[in-house]
Amino acid sequence: MTDTLERPATEEGSAPHRADAWLSAFEEALTAGDVERAAGMFAAQSFWRDLVSFTWNLTTVEDPDGVRDLLGATLERTAPRAFATSEPATEDGGVVTAWFTFETAVGRGTGLLRLKEEDGADKAWTLLTTLDELTGHEEPRRTRRPAGAEHGSSKERTTWKERRQAEAESLGSTTQPYVLVVGGGQGGIAMGSRLRQMGVPALVVDKHPRPGDQWRGRYKSLCLHDPVWYDHLPYLKFPDNWPVFAPKDKIGDWLESYVNVMEVPYWSSTEAKSATWNEEAGHWVVEVEKEGQPLTLRPTQLVFATGMSGKPRMPEIEGADVFRGDLHHSSRHPGPDAYRGKRAVVIGSNNSAFDICGALWENDVDVTMVQRSSTHIVKSDSLMEYGLGDLYSERALDAGVTTEKADLIFASLPYRILHEFQIPAYEKMAEVDHDFYDRLEKAGFWLDWGDDGSGLFMKYLRRGSGYYIDVGAADLVANGDVKLAHGQVVRLTEDAVVLDDGTELPADLVVLATGYSSMNGWVADLIDQETADRLGKVWGLGSDTTKDPGPWEGEQRNMWKPTQVPNLWMHGGNLHQSRHYSLYLALQLAARFHGIDTPVYRLQEVHHTS
């Protein structure tokens, strides 16, 4: 009767057995230093994405040739071992998926493997390897957490408060931070928290009076467009009654409390004025102004966390000096209160433009949106259901997909083929919401779905612009409540915006929702243009699509990884990216602080300077 019983999960041919067998054979090849055998275990079309563990970089190689190159350069010093599945592998549609752990000469990591059968053998289709921690420098978490109380008796006893006060007083005077993080928004705060937990002396500086002011200062109707499950910070998650789409002031208060609870070394009311590299001393010389007082800091590593969407793109418009109304960039927009009963023209048709138009209309402002190029729009509910729901939602949590697991699943999909996974989701949204899109197009709105139909997230990764997550304002355009004009702005008069076809739009307020420039503009401001050019353009994949010029790079340009400017790093992105990728940047910085050798495989090349 035993032949009627279900086969054990580890029986030959089962997904767990196939994954275990592949990992065992892969480890044998690596241990033997047999690069050819290891490369032959990858499919003809395959992708290995490594986040720091082998390469001290964020990089993706393709096909057996790419694997051969990566291993040839890194295998001997990495000494990978102890590959083991961490849960039973699964199979779906002919693809075996397996979570695993592994060790290297200096750390421990997590991986995600997908296998396909090719030529009668299991071959790796995608492989993700990530470094989680440095051996001997583990974070003080769980079983390693600090005791807190000091039991016993001692006349030399100091309290937690006294130690924290002494640390704060010495920082920047008798002691210098190893890492200086310029910018104290969510990116800088996440980085500061990671570095503190890793024992790396760091300091975050920000010009605003309080942590979170970057959010408090934006237009009053602003809420996050991403859902709460996508937006957690490291270590400390939002409570389970937190709103799905958090209002900006609530986010600001959370960031401020997070800085305090996580003991992030943070100087508010501090503006970085200049930075120069001292080659002889091996550190940066950064001049700052703290609460009006000049101060010099000498960090070894300098991190720009000034925001991927932080440097406003301000077009020069003829007549700006004669316009009698209010003219400002969307990042400086105070909200609608002062403009009731007036005429507003919003230049742009992406997220900020729609949000601002909606809030102005709600406050009885006569609003016109000027659309200069096509925009991708996706309804928020549809995005949550078809775009994010399987990874970031209560549904995902119920299925065992934690935020940490979701981050790795998403990271395991190579950028080269990520659009192929996105296209079906956006085709479904187009089908479900076809009436909505029909109404928009009938109103004259120029819609697009990305250059290849892959929708919002690929637009974000490639160019960081060109989309709107609709939370209601698109209906105002479809209905005609917010008027729509098309064209380029050629000049302003005393009381109007003039477009290239001669159309004049009367205006008491002009909002330039014209987007943001590359982050290396901040480097030009703080250091110099030569250094900004050495660094090169920040963001984009080299997809050769609109506003993302080639050649193909395979990773986000210059983000979270070594750059052509030694000891200079870029950190930013949305809350999800700030949370997840701060880990890998912090590990790279911690390794350097602890004196670990970090030879970089495939250092970022520079193809575009801005």
# chains A, B, ... in the order shown; residues from 1 in each chain; ligands from 1
>>> residues_around(residues="Val565 of chain A", least_positions_apart="4", cutoff="12 Å", atoms="only C-alpha atoms", output="PyMOL selection string")
chain A and resi 276-277+284+301-303+520+523+527+530-536+558+561+569-570+603-606
>>> select_by_dssp(residues="segment 265-512 of chain A", states="helix (DSSP H, G or I)", output="ChimeraX atom specification")
/A:330-332,337-339,351-362,380-388,394-398,403-411,415-432,434-442,456-462,473-479
>>> write_last_selection(atoms="C-alpha atoms", output="JSON list (two decimals), in the first residue's frame")
[["chain", "number", "residue", "atom", "x", "y", "z"],
["A", 330, "SER", "CA", 5.77, 72.41, -7.18],
["A", 331, "SER", "CA", 8.24, 71.51, -4.42],
["A", 332, "ARG", "CA", 7.68, 75.00, -2.98],
["A", 337, "ASP", "CA", -5.54, 78.38, 0.74],
["A", 338, "ALA", "CA", -4.22, 81.71, -0.56],
["A", 339, "TYR", "CA", -5.61, 81.25, -4.07],
["A", 351, "ASN", "CA", 1.93, 63.22, -9.80],
["A", 352, "SER", "CA", 2.57, 66.63, -8.27],
["A", 353, "ALA", "CA", 0.68, 68.44, -11.02],
["A", 354, "PHE", "CA", -2.44, 66.33, -10.52],
["A", 355, "ASP", "CA", -2.29, 66.56, -6.73],
["A", 356, "ILE", "CA", -1.93, 70.34, -6.84],
["A", 357, "CYS", "CA", -4.66, 70.77, -9.48],
["A", 358, "GLY", "CA", -7.03, 68.66, -7.39],
["A", 359, "ALA", "CA", -6.41, 70.60, -4.20],
["A", 360, "LEU", "CA", -6.75, 73.95, -5.97],
["A", 361, "TRP", "CA", -10.05, 72.91, -7.58],
["A", 362, "GLU", "CA", -11.39, 71.78, -4.20],
["A", 380, "SER", "CA", -4.49, 53.61, -7.22],
["A", 381, "ASP", "CA", -6.89, 50.77, -6.42],
["A", 382, "SER", "CA", -5.91, 48.91, -9.58],
["A", 383, "LEU", "CA", -2.22, 49.38, -8.89],
["A", 384, "MET", "CA", -2.67, 47.98, -5.40],
["A", 385, "GLU", "CA", -4.64, 44.98, -6.69],
["A", 386, "TYR", "CA", -2.73, 44.02, -9.83],
["A", 387, "GLY", "CA", 0.65, 45.69, -9.44],
["A", 388, "LEU", "CA", 1.62, 45.34, -5.79],
["A", 394, "GLU", "CA", -2.36, 42.12, 3.86],
["A", 395, "ARG", "CA", -3.06, 39.44, 1.27],
["A", 396, "ALA", "CA", 0.66, 38.95, 0.79],
["A", 397, "LEU", "CA", 1.32, 38.84, 4.52],
["A", 398, "ASP", "CA", -1.39, 36.20, 4.95],
["A", 403, "THR", "CA", 8.03, 42.92, 3.54],
["A", 404, "GLU", "CA", 11.60, 41.58, 3.73],
["A", 405, "LYS", "CA", 10.70, 38.62, 1.54],
["A", 406, "ALA", "CA", 8.85, 40.85, -0.91],
["A", 407, "ASP", "CA", 11.91, 43.09, -1.21],
["A", 408, "LEU", "CA", 14.06, 40.13, -2.20],
["A", 409, "ILE", "CA", 11.50, 38.70, -4.61],
["A", 410, "PHE", "CA", 11.30, 42.04, -6.36],
["A", 411, "ALA", "CA", 15.08, 42.42, -6.33],
["A", 415, "TYR", "CA", 15.99, 44.71, -14.79],
["A", 416, "ARG", "CA", 16.67, 43.37, -18.29],
["A", 417, "ILE", "CA", 13.44, 41.33, -18.25],
["A", 418, "LEU", "CA", 11.47, 43.10, -15.52],
["A", 419, "HIS", "CA", 9.27, 44.82, -18.10],
["A", 420, "GLU", "CA", 8.10, 41.38, -19.28],
["A", 421, "PHE", "CA", 6.62, 40.76, -15.84],
["A", 422, "GLN", "CA", 5.08, 44.24, -15.70],
["A", 423, "ILE", "CA", 3.32, 44.29, -19.08],
["A", 424, "PRO", "CA", 0.58, 41.73, -18.22],
["A", 425, "ALA", "CA", -0.31, 43.61, -15.02],
["A", 426, "TYR", "CA", -0.78, 46.87, -16.89],
["A", 427, "GLU", "CA", -2.71, 45.18, -19.67],
["A", 428, "LYS", "CA", -5.09, 43.94, -16.97],
["A", 429, "MET", "CA", -5.42, 47.45, -15.53],
["A", 430, "ALA", "CA", -6.17, 48.84, -18.99],
["A", 431, "GLU", "CA", -8.91, 46.24, -19.40],
["A", 432, "VAL", "CA", -10.48, 46.76, -15.98],
["A", 434, "HIS", "CA", -11.09, 51.02, -19.89],
["A", 435, "ASP", "CA", -14.06, 53.36, -19.29],
["A", 436, "PHE", "CA", -11.83, 55.63, -17.20],
["A", 437, "TYR", "CA", -9.19, 55.79, -19.92],
["A", 438, "ASP", "CA", -11.80, 56.37, -22.63],
["A", 439, "ARG", "CA", -13.10, 59.41, -20.77],
["A", 440, "LEU", "CA", -9.61, 60.84, -20.32],
["A", 441, "GLU", "CA", -8.75, 60.46, -23.98],
["A", 442, "LYS", "CA", -12.06, 61.99, -25.04],
["A", 456, "LEU", "CA", 4.50, 52.91, -14.04],
["A", 457, "PHE", "CA", 7.31, 51.17, -12.23],
["A", 458, "MET", "CA", 9.51, 50.82, -15.29],
["A", 459, "LYS", "CA", 8.99, 54.52, -16.00],
["A", 460, "TYR", "CA", 10.05, 55.23, -12.43],
["A", 461, "LEU", "CA", 13.18, 53.08, -12.70],
["A", 462, "ARG", "CA", 14.14, 54.35, -16.13],
["A", 473, "ALA", "CA", -7.78, 64.22, -9.68],
["A", 474, "ALA", "CA", -7.77, 62.53, -13.11],
["A", 475, "ASP", "CA", -11.57, 62.54, -13.04],
["A", 476, "LEU", "CA", -11.46, 66.32, -12.73],
["A", 477, "VAL", "CA", -9.55, 66.49, -16.01],
["A", 478, "ALA", "CA", -11.84, 63.94, -17.67],
["A", 479, "ASN", "CA", -14.89, 65.93, -16.54]]
>>> select_by_dssp(residues="segment 38-90 of chain A", states="strand (DSSP E)", output="PyMOL selection string")
chain A and resi 42-51+58-62+81-85+90
>>> residues_around(residues="Glu553 of chain A", least_positions_apart="2", cutoff="8 Å", atoms="only C-alpha atoms", output="PyMOL selection string")
chain A and resi 541-543+550-551+555-557
>>> atom_distance(atom1="atom CA of Met369 of chain A", atom2="atom CA of Ala485 of chain A")
6.1 Å
>>> closest_residue(among="A:Val285, A:Val401, A:Leu391, A:Leu70", to="Val179 of chain A", atoms="only C-alpha atoms")
A:Val285
>>> residues_around(residues="segment 77-86 of chain A", least_positions_apart="3", cutoff="12 Å", atoms="only C-alpha atoms", output="PyMOL selection string")
chain A and resi 10+15-33+52-56+70-74+89-90+97-113+129+131+596-601
